[in-house]
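Enquirer: Input: one structure, supplied below.
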Amino acid sequence: MISIVNLGMNHETAPVDLRECLASDPSGSVRALAAMKNFPSIRECLFLSTCNRVEAMAVTEEPEKTRDATLQILCELGGRSREQLAPSIYFYKDAEAVKHLFRVTSSLDSMVVGEPQILGQVKQAYAMAVREKTSGVIMNRLMHRAFRVAKRVRTETGISESAVSISYAAVELSRKIFHVLEGKEVLLIGAGEMAELAARHLVTHGVSGITVANRTFARGLAMAQLFGGRAISFEELGENLISADIVIASTGSPEPIITYDKVKGCLRKRKNRPLFFIDIAVPRDIDPEVNKLPNVYVYDIDDLKGVVEYNITQRKQESVKAERIVQEEVEKFFKWIDTLSAVPTIVELRNKADSVLANELKKSSSVLGSMTETQREAIITMAKSIADKMINDPIVFLKRTATRTSSHTYLDITRKLFNLDPDRDDLPFGKQ
Amino acid sequence: MTYLIFKISLWFHLVAAGGFIVFLISRQKVAFRISYWLLLAGFFLHTLFLAMRYVSLGAAPVLDLTSALSFFAWSVTLAYLLLHLKLGLMVLGSFAAPFAAFFMIISSAMNWSDAPAGEGFKSLWLTVHVGTIFLGNGLFAINFLGSIMYLVQEHYIKRKKLGSFYSRLPSLASIDAVNYQSLVVGFPLLTAGMISGSVYAQYALGTYWQWDPKEVWSFLTWLAYAALIHERVAIGWRGRRAAVMSIGCFLLLLFTFIAVSLWMGGYHSFGSLGERRGL
């Protein structure tokens with residue numbers, strides 16, 4: 001009996017120094033995969049390594065030996081002893097292993113739940129397994145199911161919907177106010193690192209112009225050049241408030257730089273266009289009273305943190321839905337695994353032949369009815385023996401190969417050739 | 001037969017409204033698509049119903065409150081469909097469809113009058129007058145619903161409490177675009193409706209203007225909308241203040257449309273229209 005096993009570690013079980021020693025060498029994955037492939041009882045395998053996790057999946061006949069061998073491979077890869085590595089390692093078998101893979105792929109096991117990168121990383125790991133020919137019938141099916149689960153989780157739950165970083169939350173709020181950011185003007189007051197990050201996000205979402213006002217003009221100019229914008233002096237702030245749509249403030253000033261009166265004075269000249277202040281400075285650069293002005297919105301760092309925290313709790317709620325999807329898909333997968341033994345396939349093959357025969361006889365019933373009893377029986381016997389002979393060789397072949405390592409491939413192909421799972425929706429080598 | 005079509009159309013509207021609400025809550029696009037097609041089907045049947053009534057009455061089917069409410073619901077749906085084609089704001093349907101369905105329910109609960117219209121009503125001027133006014137009213141209804149959406153969404157953003165509605169409602173800019181479009185198209189229609197009405201009055205009653213309560217209140221409503229559109233276009237009012245004023249204007253319009261016609265008498269009142277006298 002074969003097993004699906006998974007051995008690995010993630011950001012929760014392993015400290016960063018352990019994870020980085022395994023992830024540091026990009027060619028490590030290929031070597032680890034080759035080492036797994038060479039282990040005799042492993043039939044199919046896949047190796048995933050990112051900065052947050054290492055996962056080694058295998059289809060094997062001897063789960064316990066595979067576990068030891070894979071751990072040994074990880075030790076060699078990271079240059080650590082078994083004692084050092086073992087406490088950080090988890091090991092899953094069969095349903096648990098499949099569930100773990102589905103959770104990883106759909107980003108339920110990620111440090112930031114719902115982050116989108118992991119799916120791409122799993123796809124790369126699978127592509128490598130395909131390239132190195134370590135993936136077979138079961139792994140192919142397993143991975144395609146995993147991608148399907150990830151897609152379902154993404155579309156059926158709101159798990160990756162809302163922003164969970166400060167700078168992205170700022171972008172999202174901007175879009176809730178302005179709808180599109182194309183053509184919007186951004187004014188940066190102060191040229192700190194956080195401001196740069198937020199500005200970078202806004203630029204990738206299409207804002208048209210960036211203006212930088214900084215106490216040290218040279219620093220402001222350097223930052224403006226980074227984004228292809230222009231630099232102004234602090235004295236010109238007033239005029240630029242009229243043209244700006246989004247203002248990001250991050251100076252070290254002890255006093256608010258943007259006061260209530262200053263903003264109020266420019267509202268009419270702005271023709272009441274909405275104005276969004278993002279204040280990431282502590283102490284704050286923008287007088288909180290400014291938020292009371294019509295069509296003006298002020299978010300300080302705590303407000304943005306509040307948004308992020310709210311979004312994180314939302315994601316947690318959505319992940320309950322996602323876990324249910326994962327559970328469903330695990331069960332479906334094992335239903336398929338169960339069909340991959342010789343006996344049920346042979347039975348279904350016979351049933352298929354019988355049902356084809358019965359259907360065809362029914363179709364010709366009018367002609368058969370006009371024959372004599374002997375003629376009719378001769379025809380029926382002949383039809384039966386044709387059907388039996390047609391499937392006899394496949395059945396003999398399946399029985400003979402049942403104990404071989406390649407039996408899954410033959411069973412899978414037989415099921416496909418004779419269309420024994422008509423509602424099957426994946427084609428292992430088809431669309432990806 | 002005619003009323004059966006109305007009833008079926010009502011059911012389409014109700015199911016569509018339910019579907020739009022499901023869409024608002026679940027955010028499944030498939031719920032929107034189904035509801036949208038149901039609404040289209042309901043709208044088509046409603047149009048058929050109105051056309052049959054028009055033929056059988058020989059005049060625009062707005063001469064009693066029942067018919068007027070039904071025609072108003074039709075105008076709201078039409079306005080929504082037109083704005084959806086132009087601006088494509090999906091969530092708007094979750095407000096417009098229940099709103100239209102609500103007026104259809106009230107309409108269906110009342111009695112229809114099948115008495116043929118008097119000769120005075122069988123005029124193209126009446127059809128133009130009523131058609132433009134009602135389509136304008138439909139757009140103003142959308143303007144009203146959009147303003148409510150705007151106020152809710154603005155409240156969330158301003159107070160920094162991002163509830164579940166925050167993520168479901170569209171951005172401020174796109175709601176404001178709907179409010180602006182509905183206003184700048186609705187206002188000329190209202191104006192055209194009032195002008196054609198006075199031309200019709202001259203032709204049917206011999207005078208352009210006779211200080212009828214409906215005329216006076218309509219003029220006040222027109223002035224309110226004129227002020228709003230002036231502020232928006234010339235001064236650049238937008239957002240919260242414009243939304244609040246939109247809501248005020250629409251409440252005035254509803255008062256003119258329903259209360260004045262019901263209780264204030266005059267030749268526009270449903271009482272006199274229903275008895276087919278007045279003109």
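Identifiers in this document derive from the order of the structure tokens: chains are assigned A, B, ..., residues are numbered from 1 separately in each chain, and ligands are numbered from 1 in order of occurrence.
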Would you mind listing what lies within 9 Å of His408 of chain A as a PyMOL selection string, with only C-alpha atoms counted and same-chain residues fewer than 5 positions away left out?

Expert: chain A and resi 136-138+340-342+402+413

Enquirer: Selected residues, C-alpha atoms, written as a compact mmCIF listing (two decimals), in the first residue's frame, please.

Expert:
```txt
# COMPACT_ATOMS: atom_id res chain seq x y z
CA GLY A 136 3.85 10.74 -11.62
CA VAL A 137 0.15 9.98 -11.74
CA ILE A 138 -0.55 10.63 -8.08
CA LEU A 340 -6.40 3.36 -8.11
CA SER A 341 -6.27 -0.32 -7.26
CA ALA A 342 -6.79 -3.11 -9.74
CA ALA A 402 -1.01 -4.85 -10.19
CA ILE A 413 -4.73 5.45 -18.16
```

Enquirer: Show me, as number ranges by chain, every residue of chain A with an atom at most 10 Å from chain B, counting only C-alpha atoms.

Expert: A: 155-158, 161-162, 173-180, 268-274, 291-292, 294-299, 303-304, 306-307, 310-311, 314

Enquirer: Counting only C-alpha atoms, which residue out of B:Ile106, B:Leu254, B:Leu39, B:Ile5 sits closest to Phe134 of chain B?

Expert: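 Using only C-alpha atoms, Phe134 of chain B sits closest to B:Leu254.
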
Enquirer: Extract the full set of helix (DSSP H, G or I) residues from segment 115-145 of chain A according to DSSP on the backbone, and format it as a list in words.

Expert: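 Reading the DSSP output for segment 115-145 of chain A, helix (DSSP H, G or I) covers Gln117, Ile118, Leu119, Gly120, Gln121, Val122, Lys123, Gln124, Ala125, Tyr126, Ala127, Met128, Ala129, Val130, Arg131, Val137, Ile138, Met139, Asn140, Arg141, Leu142, Met143, His144 and Arg145 of chain A.
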
Enquirer: Can you pull out the residues contacting Leu252 of chain B? Cut-off 10 Å, using only C-alpha atoms, and skip same-chain residues under 5 positions away; I want them as a PyMOL selection string.

Expert: chain B and resi 217-218+220-222+224-225+246-247+257+259

Enquirer: Please produce a file of those selected residues containing C-alpha atoms, as a PDB file, in the first residue's frame.

Expert:
```pdb
ATOM      1  CA  TRP B 217     -45.025  72.654  -6.170  1.00  0.00           C
ATOM      2  CA  SER B 218     -43.482  71.367  -9.382  1.00  0.00           C
ATOM      3  CA  LEU B 220     -40.557  74.793  -6.442  1.00  0.00           C
ATOM      4  CA  THR B 221     -39.078  71.340  -7.013  1.00  0.00           C
ATOM      5  CA  TRP B 222     -37.622  72.544 -10.295  1.00  0.00           C
ATOM      6  CA  ALA B 224     -34.534  73.260  -5.869  1.00  0.00           C
ATOM      7  CA  TYR B 225     -32.970  71.029  -8.503  1.00  0.00           C
ATOM      8  CA  SER B 246     -30.041  65.698  -3.417  1.00  0.00           C
ATOM      9  CA  ILE B 247     -31.939  63.816  -0.754  1.00  0.00           C
ATOM     10  CA  PHE B 257     -45.622  63.713  -6.999  1.00  0.00           C
ATOM     11  CA  ALA B 259     -49.027  64.178  -1.622  1.00  0.00           C
TER      12      ALA B 259
END
```

Enquirer: Write out as number ranges by chain each polymer residue whose atoms come within 7 Å of segment 225-235 of chain A, counting only C-alpha atoms; drop sequence neighbours fewer than 2 positions from it.

Expert: A: 209-215, 217, 220-223, 237

Enquirer: Would you pick out the contacts of Asp245 of chain A at 7 Å or less, using only C-alpha atoms, so that residues sharing its chain but fewer than 4 positions from it are not included, and give the list as a list in words?

Expert: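 In the requested form, the answer reads Lys184, Glu185, Val186, Pro274, Leu275 and Phe276 of chain A.
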
Enquirer: Select, from B:Gly19, B:Gly193, B:Gly58, B:Gly42, the residue with the minimum atom-to-atom distance to Ala73 of chain B, counting only C-alpha atoms.

Expert: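 Of all the options, B:Gly42 lies closest to Ala73 of chain B.
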
Enquirer: When distances are computed from only C-alpha atoms, which of B:Ile21, B:Leu4, B:Ile229, B:Ile105 shows the smallest separation from Leu45 of chain B?

Expert: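 Smallest distance to Leu45 of chain B is found for B:Leu4.
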
Enquirer: Quick one: residues within 10 Å of segment 124-132 of chain B, only C-alpha atoms counted, chain neighbours fewer than 4 positions away excluded, as a PyMOL selection string?

Expert: chain B and resi 54+59-62+68+71-72+75+120+136-138+186+188-201+203-204

Enquirer: If we count only C-alpha atoms, what is near Ile73 of chain A at a cut-off of 9 Å, once residues fewer than 6 positions away on the same chain are taken out, given as a ChimeraX atom specification?

Expert: /A:32,35-36

Enquirer: Between atom CA of Ile166 of chain A and atom CA of Pro254 of chain A, what is the distance in Å, rounded to a tenth?

Expert: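 Interatomic distance, atom CA of Ile166 of chain A to atom CA of Pro254 of chain A: 22.4 Å.
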
Enquirer: Take atom CA of Ser250 of chain A and atom CA of Ala163 of chain A and report the distance between them in Å, one decimal.

Expert: 20.8 Å

Enquirer: To one decimal place in Å, what is the distance between atom CA of Leu119 of chain A and atom CA of Val30 of chain B?

Expert: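 Distance between the two atoms: 25.3 Å.
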